[in-house]
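Q: Pasting query.pdb here (PDB, C-alpha atoms and all ligand atoms):
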ATOM      1  CA  MET A   1       0.000   0.000   0.000
ATOM      2  CA  SER A   2       1.371   3.443  -0.956
ATOM      3  CA  LEU A   3       2.066   5.851   1.856
ATOM      4  CA  PHE A   4       1.692   9.536   1.046
ATOM      5  CA  LEU A   5       3.713  12.262   2.741
ATOM      6  CA  ARG A   6       0.447  13.760   4.013
ATOM      7  CA  ASP A   7      -0.286  10.538   5.923
ATOM      8  CA  LEU A   8       2.950  10.914   7.863
ATOM      9  CA  LEU A   9       2.551  14.687   8.285
ATOM     10  CA  ARG A  10      -0.746  13.969  10.057
ATOM     11  CA  GLN A  11       0.664  11.448  12.550
ATOM     12  CA  ASN A  12       0.380  12.249  16.239
ATOM     13  CA  ILE A  13       2.964   9.864  17.702
ATOM     14  CA  ILE A  14       5.707  12.471  18.138
ATOM     15  CA  ASP A  15       5.763  16.262  18.356
ATOM     16  CA  ARG A  16       4.575  17.899  15.113
ATOM     17  CA  THR A  17       7.696  20.016  14.595
ATOM     18  CA  ASP A  18      10.000  17.063  15.337
ATOM     19  CA  ASN A  19       8.000  15.011  12.846
ATOM     20  CA  ARG A  20       8.530  17.610  10.123
ATOM     21  CA  VAL A  21      12.275  17.753  10.853
ATOM     22  CA  LEU A  22      12.409  13.946  10.513
ATOM     23  CA  LEU A  23      10.499  14.015   7.232
ATOM     24  CA  ILE A  24      12.764  16.767   5.863
ATOM     25  CA  HIS A  25      15.742  14.613   6.847
ATOM     26  CA  ILE A  26      14.325  11.511   5.172
ATOM     27  CA  THR A  27      13.054  13.100   1.953
ATOM     28  CA  GLY A  28      15.701  15.810   1.529
ATOM     29  CA  PHE A  29      12.859  18.277   0.855
ATOM     30  CA  SER A  30      12.870  21.865   2.088
ATOM     31  CA  HIS A  31      10.200  22.784   4.624
ATOM     32  CA  ALA A  32       8.157  24.565   1.939
ATOM     33  CA  ARG A  33       8.420  21.614  -0.463
ATOM     34  CA  LEU A  34       7.447  19.209   2.296
ATOM     35  CA  LEU A  35       4.134  20.985   2.739
ATOM     36  CA  ALA A  36       3.532  21.756  -0.938
ATOM     37  CA  TYR A  37       4.161  18.185  -2.200
ATOM     38  CA  ASP A  38       2.231  16.262   0.409
ATOM     39  CA  ASP A  39       0.976  13.899  -2.307
ATOM     40  CA  TYR A  40       4.534  12.580  -2.685
ATOM     41  CA  VAL A  41       4.612   8.784  -2.304
ATOM     42  CA  LEU A  42       7.368   7.618   0.008
ATOM     43  CA  THR A  43       9.628   4.762  -1.064
ATOM     44  CA  GLN A  44       9.657   1.565   0.967
ATOM     45  CA  LEU A  45      13.113   2.474   2.326
ATOM     46  CA  GLN A  46      11.931   5.952   3.374
ATOM     47  CA  VAL A  47       8.963   4.465   5.226
ATOM     48  CA  GLU A  48      11.173   1.937   7.032
ATOM     49  CA  THR A  49      13.697   4.635   7.955
ATOM     50  CA  TYR A  50      10.883   6.870   9.185
ATOM     51  CA  HIS A  51       9.556   4.204  11.543
ATOM     52  CA  GLN A  52      13.045   3.437  12.874
ATOM     53  CA  LEU A  53      13.750   7.121  13.559
ATOM     54  CA  VAL A  54      10.382   7.719  15.203
ATOM     55  CA  GLN A  55      11.199   4.814  17.508
ATOM     56  CA  ARG A  56      14.517   6.456  18.445
ATOM     57  CA  VAL A  57      12.740   9.745  19.215
ATOM     58  CA  GLN A  58      10.261   7.827  21.364
ATOM     59  CA  ASN A  59      13.172   6.208  23.204
ATOM     60  CA  GLY A  60      14.307   9.676  24.245
ATOM     61  CA  GLU A  61      17.219  10.205  21.835
ATOM     62  CA  PRO A  62      17.503  13.910  20.981
ATOM     63  CA  LEU A  63      16.237  14.656  17.484
ATOM     64  CA  ALA A  64      19.322  16.828  16.804
ATOM     65  CA  TYR A  65      21.603  13.794  17.194
ATOM     66  CA  ILE A  66      19.331  11.668  14.994
ATOM     67  CA  VAL A  67      19.310  14.140  12.101
ATOM     68  CA  GLY A  68      22.836  15.412  12.882
ATOM     69  CA  TYR A  69      22.127  19.108  13.137
ATOM     70  CA  LYS A  70      20.423  21.783  15.181
ATOM     71  CA  GLU A  71      19.216  25.176  14.097
ATOM     72  CA  PHE A  72      20.676  28.137  15.991
ATOM     73  CA  TYR A  73      20.100  31.762  15.011
ATOM     74  CA  SER A  74      18.481  30.433  11.793
ATOM     75  CA  ARG A  75      21.586  28.511  10.718
ATOM     76  CA  GLN A  76      22.265  24.785  10.777
ATOM     77  CA  PHE A  77      25.008  23.536  13.094
ATOM     78  CA  LYS A  78      26.325  20.016  12.865
ATOM     79  CA  VAL A  79      26.062  18.230  16.218
ATOM     80  CA  THR A  80      27.299  14.849  17.379
ATOM     81  CA  PRO A  81      27.334  13.234  20.826
ATOM     82  CA  ASP A  82      30.651  15.110  21.335
ATOM     83  CA  THR A  83      28.846  18.462  21.278
ATOM     84  CA  LEU A  84      26.145  19.955  23.407
ATOM     85  CA  ILE A  85      22.989  20.633  21.386
ATOM     86  CA  PRO A  86      22.681  24.445  21.131
ATOM     87  CA  ARG A  87      19.809  25.835  23.204
ATOM     88  CA  PRO A  88      17.488  28.731  22.292
ATOM     89  CA  GLU A  89      18.467  30.601  25.523
ATOM     90  CA  THR A  90      22.001  30.871  24.197
ATOM     91  CA  GLU A  91      20.750  33.040  21.323
ATOM     92  CA  LEU A  92      20.096  35.658  23.986
ATOM     93  CA  LEU A  93      23.738  35.429  25.071
ATOM     94  CA  VAL A  94      24.778  36.084  21.473
ATOM     95  CA  GLU A  95      22.464  39.094  21.319
ATOM     96  CA  GLN A  96      24.001  40.522  24.479
ATOM     97  CA  VAL A  97      27.500  40.200  23.014
ATOM     98  CA  LEU A  98      26.375  41.803  19.751
ATOM     99  CA  ALA A  99      24.984  44.737  21.723
ATOM    100  CA  LYS A 100      28.239  45.221  23.671
ATOM    101  CA  ALA A 101      30.815  44.646  20.917
ATOM    102  CA  GLN A 102      32.516  47.749  19.540
ATOM    103  CA  HIS A 103      33.800  47.777  15.957
ATOM    104  CA  ALA A 104      36.595  45.208  15.403
ATOM    105  CA  ALA A 105      36.420  43.977  18.997
ATOM    106  CA  LYS A 106      38.380  40.883  20.033
ATOM    107  CA  VAL A 107      36.037  38.245  21.456
ATOM    108  CA  LEU A 108      36.877  35.029  23.309
ATOM    109  CA  ASP A 109      34.316  32.180  23.459
ATOM    110  CA  LEU A 110      35.177  29.793  26.307
ATOM    111  CA  GLY A 111      33.837  26.230  25.948
ATOM    112  CA  THR A 112      32.765  26.621  22.347
ATOM    113  CA  GLY A 113      31.143  23.193  21.765
ATOM    114  CA  SER A 114      29.536  23.267  18.303
ATOM    115  CA  ALA A 115      30.878  26.863  18.039
ATOM    116  CA  CYS A 116      27.316  28.138  17.727
ATOM    117  CA  ILE A 117      28.165  31.290  19.701
ATOM    118  CA  ALA A 118      31.504  32.001  18.007
ATOM    119  CA  ILE A 119      30.258  31.385  14.461
ATOM    120  CA  THR A 120      27.030  33.322  14.897
ATOM    121  CA  LEU A 121      28.957  36.312  16.244
ATOM    122  CA  LYS A 122      31.343  36.246  13.286
ATOM    123  CA  LEU A 123      28.571  35.881  10.704
ATOM    124  CA  GLU A 124      26.437  38.593  12.267
ATOM    125  CA  ARG A 125      29.436  40.893  12.728
ATOM    126  CA  PRO A 126      32.265  40.111  10.305
ATOM    127  CA  ASP A 127      34.330  42.975  11.813
ATOM    128  CA  LEU A 128      34.835  41.011  15.068
ATOM    129  CA  PHE A 129      37.928  38.885  15.738
ATOM    130  CA  ILE A 130      36.826  35.664  17.369
ATOM    131  CA  THR A 131      38.889  33.138  19.301
ATOM    132  CA  ALA A 132      37.121  30.012  20.572
ATOM    133  CA  VAL A 133      38.450  27.361  22.931
ATOM    134  CA  ASP A 134      37.340  23.960  24.105
ATOM    135  CA  LYS A 135      39.079  21.339  26.220
ATOM    136  CA  PHE A 136      38.122  18.394  24.013
ATOM    137  CA  ALA A 137      39.722  17.622  20.638
ATOM    138  CA  ASP A 138      36.671  15.749  19.270
ATOM    139  CA  THR A 139      34.453  18.711  20.120
ATOM    140  CA  LEU A 140      36.846  21.165  18.471
ATOM    141  CA  GLN A 141      36.791  19.062  15.317
ATOM    142  CA  ILE A 142      33.023  19.552  15.005
ATOM    143  CA  ALA A 143      33.428  23.257  15.819
ATOM    144  CA  GLN A 144      35.950  23.595  12.981
ATOM    145  CA  GLN A 145      33.654  21.705  10.570
ATOM    146  CA  ASN A 146      30.817  24.070  11.415
ATOM    147  CA  ALA A 147      33.073  27.076  10.844
ATOM    148  CA  ASP A 148      34.145  25.648   7.462
ATOM    149  CA  ASN A 149      30.566  24.765   6.434
ATOM    150  CA  LEU A 150      29.291  28.209   7.376
ATOM    151  CA  HIS A 151      32.363  30.089   6.090
ATOM    152  CA  ALA A 152      33.225  31.761   9.385
ATOM    153  CA  GLU A 153      36.802  32.654  10.173
ATOM    154  CA  ILE A 154      37.438  31.686  13.792
ATOM    155  CA  GLU A 155      40.674  30.934  15.639
ATOM    156  CA  PHE A 156      40.135  27.645  17.488
ATOM    157  CA  ILE A 157      42.440  26.733  20.361
ATOM    158  CA  SER A 158      42.523  23.549  22.409
ATOM    159  CA  SER A 159      42.636  24.828  25.955
ATOM    160  CA  ASP A 160      41.539  24.134  29.506
ATOM    161  CA  TRP A 161      39.758  27.479  29.902
ATOM    162  CA  TYR A 162      42.515  30.157  29.610
ATOM    163  CA  SER A 163      45.504  27.818  30.056
ATOM    164  CA  SER A 164      46.757  27.862  26.429
ATOM    165  CA  LEU A 165      46.063  31.546  25.788
ATOM    166  CA  GLY A 166      49.288  32.964  27.219
ATOM    167  CA  LYS A 167      48.870  36.671  27.879
ATOM    168  CA  GLN A 168      46.232  37.263  25.174
ATOM    169  CA  GLN A 169      43.613  39.836  26.107
ATOM    170  CA  PHE A 170      40.139  40.456  24.729
ATOM    171  CA  ASP A 171      37.459  43.131  24.681
ATOM    172  CA  ILE A 172      34.802  40.538  25.452
ATOM    173  CA  ILE A 173      34.832  37.105  27.043
ATOM    174  CA  VAL A 174      31.664  35.054  26.587
ATOM    175  CA  SER A 175      30.923  31.602  27.942
ATOM    176  CA  ASN A 176      28.158  29.080  28.326
ATOM    177  CA  PRO A 177      30.073  26.753  30.662
ATOM    178  CA  PRO A 178      28.942  23.466  32.244
ATOM    179  CA  TYR A 179      26.783  24.665  35.148
ATOM    180  CA  ILE A 180      24.533  21.781  36.207
ATOM    181  CA  GLU A 181      25.231  20.432  39.685
ATOM    182  CA  ALA A 182      26.668  16.900  39.857
ATOM    183  CA  ASN A 183      23.633  15.462  41.638
ATOM    184  CA  ASP A 184      20.973  17.395  39.694
ATOM    185  CA  GLU A 185      18.120  15.105  38.666
ATOM    186  CA  HIS A 186      17.926  16.760  35.205
ATOM    187  CA  LEU A 187      21.227  15.142  34.207
ATOM    188  CA  THR A 188      19.557  11.744  33.807
ATOM    189  CA  ALA A 189      17.186  13.135  31.179
ATOM    190  CA  LEU A 190      20.193  14.591  29.350
ATOM    191  CA  SER A 191      22.132  11.319  29.229
ATOM    192  CA  TYR A 192      22.700  11.462  25.448
ATOM    193  CA  GLU A 193      24.691  14.702  25.666
ATOM    194  CA  PRO A 194      28.345  14.888  26.818
ATOM    195  CA  GLN A 195      28.294  15.084  30.609
ATOM    196  CA  SER A 196      31.483  17.198  30.560
ATOM    197  CA  ALA A 197      29.537  19.869  28.645
ATOM    198  CA  LEU A 198      26.638  19.874  31.095
ATOM    199  CA  THR A 199      28.058  19.493  34.577
ATOM    200  CA  ASP A 200      31.157  20.595  36.460
ATOM    201  CA  PHE A 201      30.805  17.375  38.523
ATOM    202  CA  SER A 202      30.645  19.633  41.583
ATOM    203  CA  ASP A 203      28.307  22.342  42.886
ATOM    204  CA  GLY A 204      27.509  23.744  39.420
ATOM    205  CA  LEU A 205      29.531  26.911  39.978
ATOM    206  CA  SER A 206      33.139  25.703  39.851
ATOM    207  CA  CYS A 207      33.697  26.406  36.131
ATOM    208  CA  ILE A 208      32.069  29.817  36.515
ATOM    209  CA  ARG A 209      34.348  30.605  39.507
ATOM    210  CA  GLU A 210      37.413  29.625  37.464
ATOM    211  CA  ILE A 211      36.365  31.647  34.401
ATOM    212  CA  VAL A 212      35.568  34.747  36.477
ATOM    213  CA  ARG A 213      38.636  34.456  38.747
ATOM    214  CA  LEU A 214      41.094  34.579  35.849
ATOM    215  CA  SER A 215      39.086  36.953  33.660
ATOM    216  CA  HIS A 216      41.005  40.055  34.808
ATOM    217  CA  GLU A 217      44.182  38.621  33.210
ATOM    218  CA  HIS A 218      42.472  38.262  29.833
ATOM    219  CA  LEU A 219      40.096  41.214  29.671
ATOM    220  CA  LEU A 220      41.247  44.571  28.320
ATOM    221  CA  PRO A 221      40.274  47.631  30.418
ATOM    222  CA  ASN A 222      36.500  48.203  30.304
ATOM    223  CA  GLY A 223      36.056  44.771  28.730
ATOM    224  CA  TRP A 224      32.920  42.733  29.255
ATOM    225  CA  LEU A 225      32.481  39.242  30.698
ATOM    226  CA  LEU A 226      29.160  37.516  29.870
ATOM    227  CA  ILE A 227      28.268  34.128  31.319
ATOM    228  CA  GLU A 228      25.181  31.966  30.833
ATOM    229  CA  HIS A 229      24.111  30.045  33.938
ATOM    230  CA  GLY A 230      21.280  28.144  35.581
ATOM    231  CA  TYR A 231      17.999  29.918  36.315
ATOM    232  CA  ASP A 232      18.659  29.623  40.066
ATOM    233  CA  GLN A 233      22.313  30.687  40.021
ATOM    234  CA  GLY A 234      21.897  34.429  39.364
ATOM    235  CA  GLU A 235      22.563  35.591  42.908
ATOM    236  CA  SER A 236      25.614  33.348  43.379
ATOM    237  CA  VAL A 237      27.068  34.341  40.017
ATOM    238  CA  ARG A 238      26.592  38.063  40.717
ATOM    239  CA  GLU A 239      28.446  37.551  43.994
ATOM    240  CA  ILE A 240      31.311  35.740  42.208
ATOM    241  CA  PHE A 241      31.522  38.609  39.701
ATOM    242  CA  THR A 242      31.602  41.366  42.334
ATOM    243  CA  LYS A 243      34.039  39.513  44.624
ATOM    244  CA  ASN A 244      36.405  39.306  41.669
ATOM    245  CA  GLY A 245      36.287  43.051  41.065
ATOM    246  CA  LEU A 246      33.921  43.233  38.094
ATOM    247  CA  ASN A 247      31.784  46.368  37.828
ATOM    248  CA  ASN A 248      28.273  47.114  36.513
ATOM    249  CA  VAL A 249      27.219  43.556  37.330
ATOM    250  CA  VAL A 250      23.694  42.679  36.238
ATOM    251  CA  THR A 251      21.760  39.519  35.435
ATOM    252  CA  ILE A 252      19.595  39.343  32.349
ATOM    253  CA  ARG A 253      16.431  37.266  32.214
ATOM    254  CA  ASP A 254      15.649  34.870  29.380
ATOM    255  CA  TYR A 255      12.456  34.556  27.304
ATOM    256  CA  ALA A 256      10.873  32.567  30.137
ATOM    257  CA  ASP A 257      11.681  35.430  32.541
ATOM    258  CA  LEU A 258      14.346  33.391  34.338
ATOM    259  CA  GLU A 259      17.736  34.775  35.421
ATOM    260  CA  ARG A 260      20.065  33.398  32.763
ATOM    261  CA  ILE A 261      23.025  35.612  31.874
ATOM    262  CA  THR A 262      25.238  37.626  34.189
ATOM    263  CA  ILE A 263      27.468  40.343  32.801
ATOM    264  CA  GLY A 264      30.137  42.563  34.290
ATOM    265  CA  MET A 265      32.845  44.992  33.241
ATOM    266  CA  SER A 266      36.560  44.936  33.995
ATOM    267  CA  ASN A 267      38.466  47.944  35.432
TER     268      ASN A 267
HETATM  269  C1  LIG B 301      27.442  24.018  28.054
HETATM  270  S1  LIG B 301      28.575  23.558  26.783
HETATM  271  C2  LIG B 301      28.441  24.966  25.722
HETATM  272  C3  LIG B 301      28.709  24.674  24.282
HETATM  273  C4  LIG B 301      28.388  25.868  23.349
HETATM  274  N1  LIG B 301      29.177  27.032  23.673
HETATM  275  C5  LIG B 301      26.919  26.208  23.416
HETATM  276  O1  LIG B 301      26.579  27.255  23.977
HETATM  277  O2  LIG B 301      26.086  25.428  22.925
HETATM  278  C6  LIG B 301      30.114  23.767  27.608
HETATM  279  C7  LIG B 301      31.363  23.536  26.770
HETATM  280  O3  LIG B 301      32.505  23.735  27.595
HETATM  281  C8  LIG B 301      33.491  22.774  27.280
HETATM  282  N2  LIG B 301      34.374  22.620  28.445
HETATM  283  C9  LIG B 301      34.141  21.929  29.588
HETATM  284  N3  LIG B 301      35.185  22.047  30.429
HETATM  285  C10 LIG B 301      36.087  22.846  29.810
HETATM  286  C11 LIG B 301      37.374  23.344  30.178
HETATM  287  N4  LIG B 301      37.923  23.037  31.349
HETATM  288  N5  LIG B 301      38.025  24.128  29.310
HETATM  289  C12 LIG B 301      37.470  24.440  28.100
HETATM  290  N6  LIG B 301      36.262  24.009  27.696
HETATM  291  C13 LIG B 301      35.579  23.213  28.534
HETATM  292  C14 LIG B 301      32.699  21.526  26.950
HETATM  293  O4  LIG B 301      33.435  20.635  26.164
HETATM  294  C15 LIG B 301      31.499  22.126  26.213
HETATM  295  O5  LIG B 301      31.735  22.191  24.827
END
Can you turn what I pasted into structure tokens?
Ligand SMILES: C[S@@+](CC[C@H](N)C(=O)[O-])C[C@H]1O[C@@H](n2cnc3c(N)ncnc32)[C@H](O)[C@@H]1O
A:
Amino acid sequence: MSLFLRDLLRQNIIDRTDNRVLLIHITGFSHARLLAYDDYVLTQLQVETYHQLVQRVQNGEPLAYIVGYKEFYSRQFKVTPDTLIPRPETELLVEQVLAKAQHAAKVLDLGTGSACIAITLKLERPDLFITAVDKFADTLQIAQQNADNLHAEIEFISSDWYSSLGKQQFDIIVSNPPYIEANDEHLTALSYEPQSALTDFSDGLSCIREIVRLSHEHLLPNGWLLIEHGYDQGESVREIFTKNGLNNVVTIRDYADLERITIGMSN
């Protein structure tokens, strides 16, 4: 029996948007074509693949790992189990950096992952000079592939936070570090993603403390530090910022009105 695209578009087994992403992946159609050609008859192989992938979604595997990409700031970023899947909240972090960056500013992205922050900044503002670091070679490989695919010129450095940066200084340091507490129950639901990208295996604030503590060595005068953190960490992060001598410290709320990004300025 022939199966039309419209039959699968109408399913209600998985989320409607996820279902469309799966069908785009299987057919190779654009979103517009997917909806316009809903009388397309799927091949036997496409139907089998569809059912296998739906099963994986139902088993809790993130869709981004199944299709191999995630959209961030309207661009496609390759993701693998070596990279955190970019989150919509992080787009707000990018917007904050864009608002602070002067012409030709030097920006450092700490813990770049898929390089979604670094690449988006460069593509939105080609005048910026972007350096991006990550501790893990496999992660940096994906970051570099994304930069090549999206034609963004980024300097990638393998580094444990600032350790390989020598005395380099920047106008802006931005980071979305691992900030989930070691014993947080949410980690179980995130078991497909690299644990070293999600948690500091401690109280959730140790990476943030390290990044803030050494920021004065790598920020130019009147430079900005911007860090994404957990919705319940705003007060602690503000305290870490002020104790380390940062000025104009404020926390910005995300689209869900939760404290999400703390920023501060160097002397
Ligand atoms: C929460 S993920 C953020 C990834 C990406 N920037 C994003 O926003 O989607 C944290 C990243 O920090 C990296 N990381 C963890 N510990 C690190 C360290 N000590 N030095 C450098 N990078 C580290 C992880 O590999 C991971 O890519």
Q: Please enclose the listed atoms of ligand LIG 301 (chain B) in an axis-aligned box, pad each side by 8 Å, and write out the centre and the three edge lengths in Å, rounded to one decimal, as JSON.
A:
{"center_x": 32.1, "center_y": 23.9, "center_z": 27.1, "size_x": 27.9, "size_y": 22.6, "size_z": 24.4}
Q: Can you check which parts of chain A lie within 8 Å of ligand LIG 301 (chain B)? Per residue, the shortest pair of atoms and distance in Å to one decimal, counting only C-alpha atoms and all ligand atoms, sorted by chain and number, as a Markdown table.
A:
| residue | atom | partner | partner_atom | distance |
| --- | --- | --- | --- | --- |
| A:Asp82 | CA | B:LIG301 | O4 | 7.8 |
| A:Thr83 | CA | B:LIG301 | O5 | 5.9 |
| A:Leu84 | CA | B:LIG301 | C3 | 5.4 |
| A:Ile85 | CA | B:LIG301 | O2 | 5.9 |
| A:Pro86 | CA | B:LIG301 | O2 | 4.0 |
| A:Arg87 | CA | B:LIG301 | O2 | 6.3 |
| A:Thr90 | CA | B:LIG301 | O1 | 5.8 |
| A:Asp109 | CA | B:LIG301 | N1 | 7.3 |
| A:Leu110 | CA | B:LIG301 | N6 | 6.0 |
| A:Gly111 | CA | B:LIG301 | O3 | 3.3 |
| A:Thr112 | CA | B:LIG301 | N1 | 3.8 |
| A:Gly113 | CA | B:LIG301 | O5 | 3.3 |
| A:Ser114 | CA | B:LIG301 | C4 | 5.8 |
| A:Ala115 | CA | B:LIG301 | N1 | 5.9 |
| A:Cys116 | CA | B:LIG301 | O2 | 6.0 |
| A:Ile117 | CA | B:LIG301 | N1 | 5.9 |
| A:Ala118 | CA | B:LIG301 | N1 | 7.9 |
| A:Val133 | CA | B:LIG301 | C12 | 6.0 |
| A:Asp134 | CA | B:LIG301 | N6 | 3.7 |
| A:Lys135 | CA | B:LIG301 | C12 | 4.0 |
| A:Phe136 | CA | B:LIG301 | O4 | 5.6 |
| A:Thr139 | CA | B:LIG301 | O4 | 6.4 |
| A:Ser158 | CA | B:LIG301 | C12 | 7.7 |
| A:Ser159 | CA | B:LIG301 | C12 | 5.6 |
| A:Asp160 | CA | B:LIG301 | N5 | 3.5 |
| A:Trp161 | CA | B:LIG301 | N5 | 3.8 |
| A:Tyr162 | CA | B:LIG301 | N5 | 7.5 |
| A:Ser175 | CA | B:LIG301 | N1 | 6.5 |
| A:Asn176 | CA | B:LIG301 | C2 | 4.9 |
| A:Pro177 | CA | B:LIG301 | C6 | 4.3 |
| A:Pro178 | CA | B:LIG301 | C1 | 4.5 |
| A:Tyr179 | CA | B:LIG301 | C1 | 7.2 |
| A:Pro194 | CA | B:LIG301 | O4 | 7.7 |
| A:Ser196 | CA | B:LIG301 | C9 | 5.5 |
| A:Ala197 | CA | B:LIG301 | C15 | 3.9 |
| A:Leu198 | CA | B:LIG301 | C1 | 5.2 |
| A:Thr199 | CA | B:LIG301 | C1 | 8.0 |
| A:Asp200 | CA | B:LIG301 | N3 | 7.4 |
| A:Cys207 | CA | B:LIG301 | N4 | 7.2 |
Q: Could you tell me which of A:Gly204, A:Pro126, A:Pro221, A:Gly234 comes closest to Asp171 in chain A if we count only C-alpha atoms?
A: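 Result for the nearest residue to Asp171 in chain A: A:Pro221.
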Q: Looking at A:Ser191, A:Val79, A:Glu210, A:Ile252, which one is nearest to Glu61 in chain A, with distances taken over all atoms listed in the file?
A: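 Between A:Ser191, A:Val79, A:Glu210, A:Ile252, the residue approaching Glu61 in chain A most closely is A:Ser191.
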Q: Using only C-alpha atoms, which protein or nucleic acid residues come within 8 Å of Val250 in chain A? Drop anything in the same chain fewer than 3 positions from it, and give the result as a list of chain:residue names.
A: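 In the requested format, the answer is A:Arg238, A:Thr262, A:Ile263, A:Gly264.
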Q: Excluding range 20-23 of chain A and any residue of its chain fewer than 2 positions from it, enumerate the residues within 9 Å of it, using all atoms listed in the file, and give them as number ranges by chain.
A: A: 5, 8-9, 15-18, 25-29, 31, 34, 50, 53-54, 63, 66-67
Q: Using only C-alpha atoms, which of the listed residues (A:Arg260, A:Lys122, A:Lys78, A:Arg253) sits closest to Ala152 in chain A?
A: A:Lys122
Q: Take CA of His51 in chain A and CA of Leu35 in chain A and report the distance between them in Å, one decimal.
A: 19.7 Å
Q: Hey, can you check how far CA of Gln44 in chain A sits from CA of Gln11 in chain A?
A: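 Answer for the CA of Gln44 in chain A to CA of Gln11 in chain A separation: 17.7 Å.
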Q: What does the structure give for the distance between CA of Leu98 in chain A and CA of Leu121 in chain A, in Å to one decimal?
A: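 These atoms are spaced 7.0 Å apart.
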Q: For Ala105 in chain A, which residue out of A:Glu217, A:Glu153, A:Glu89, A:Asp127 is the nearest one, using only C-alpha atoms?
A: A:Asp127
Q: Using only C-alpha atoms, which of A:Met1, A:Ile14, A:Tyr73, A:Ala32 sits nearest Val57 in chain A?
A: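 With only C-alpha atoms as the atom set, the closest residue is A:Ile14.
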Q: So which one's closest to Glu95 in chain A, A:Arg33, A:Arg125, A:Ile211, A:Arg10? Using all atoms listed in the file, please.
A: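 Ranking A:Arg33, A:Arg125, A:Ile211, A:Arg10 by distance to Glu95 in chain A, first place goes to A:Arg125.
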Q: Mind telling me what the PyMOL selection byres (((chain A and resi 184) around 10) and not hetatm) catches here, as a list in words?
A: Ile180, Glu181, Ala182, Asn183, Glu185, His186, Leu187, Thr188, Thr199, Phe201, Asp203 and Gly204 of chain A
Q: Identify, on the basis of all atoms listed in the file, every residue whose closest approach to Val97 in chain A does not exceed 8 Å; exclude the query and any residue fewer than 4 positions from it along the same chain; express the result as a tab-separated table (two decimals) with C-alpha atoms, keeping the file's coordinate frame.
A:
chain	number	residue	atom	x	y	z
A	93	LEU	CA	23.74	35.43	25.07
A	101	ALA	CA	30.82	44.65	20.92
A	121	LEU	CA	28.96	36.31	16.24
A	172	ILE	CA	34.80	40.54	25.45
A	174	VAL	CA	31.66	35.05	26.59
A	226	LEU	CA	29.16	37.52	29.87
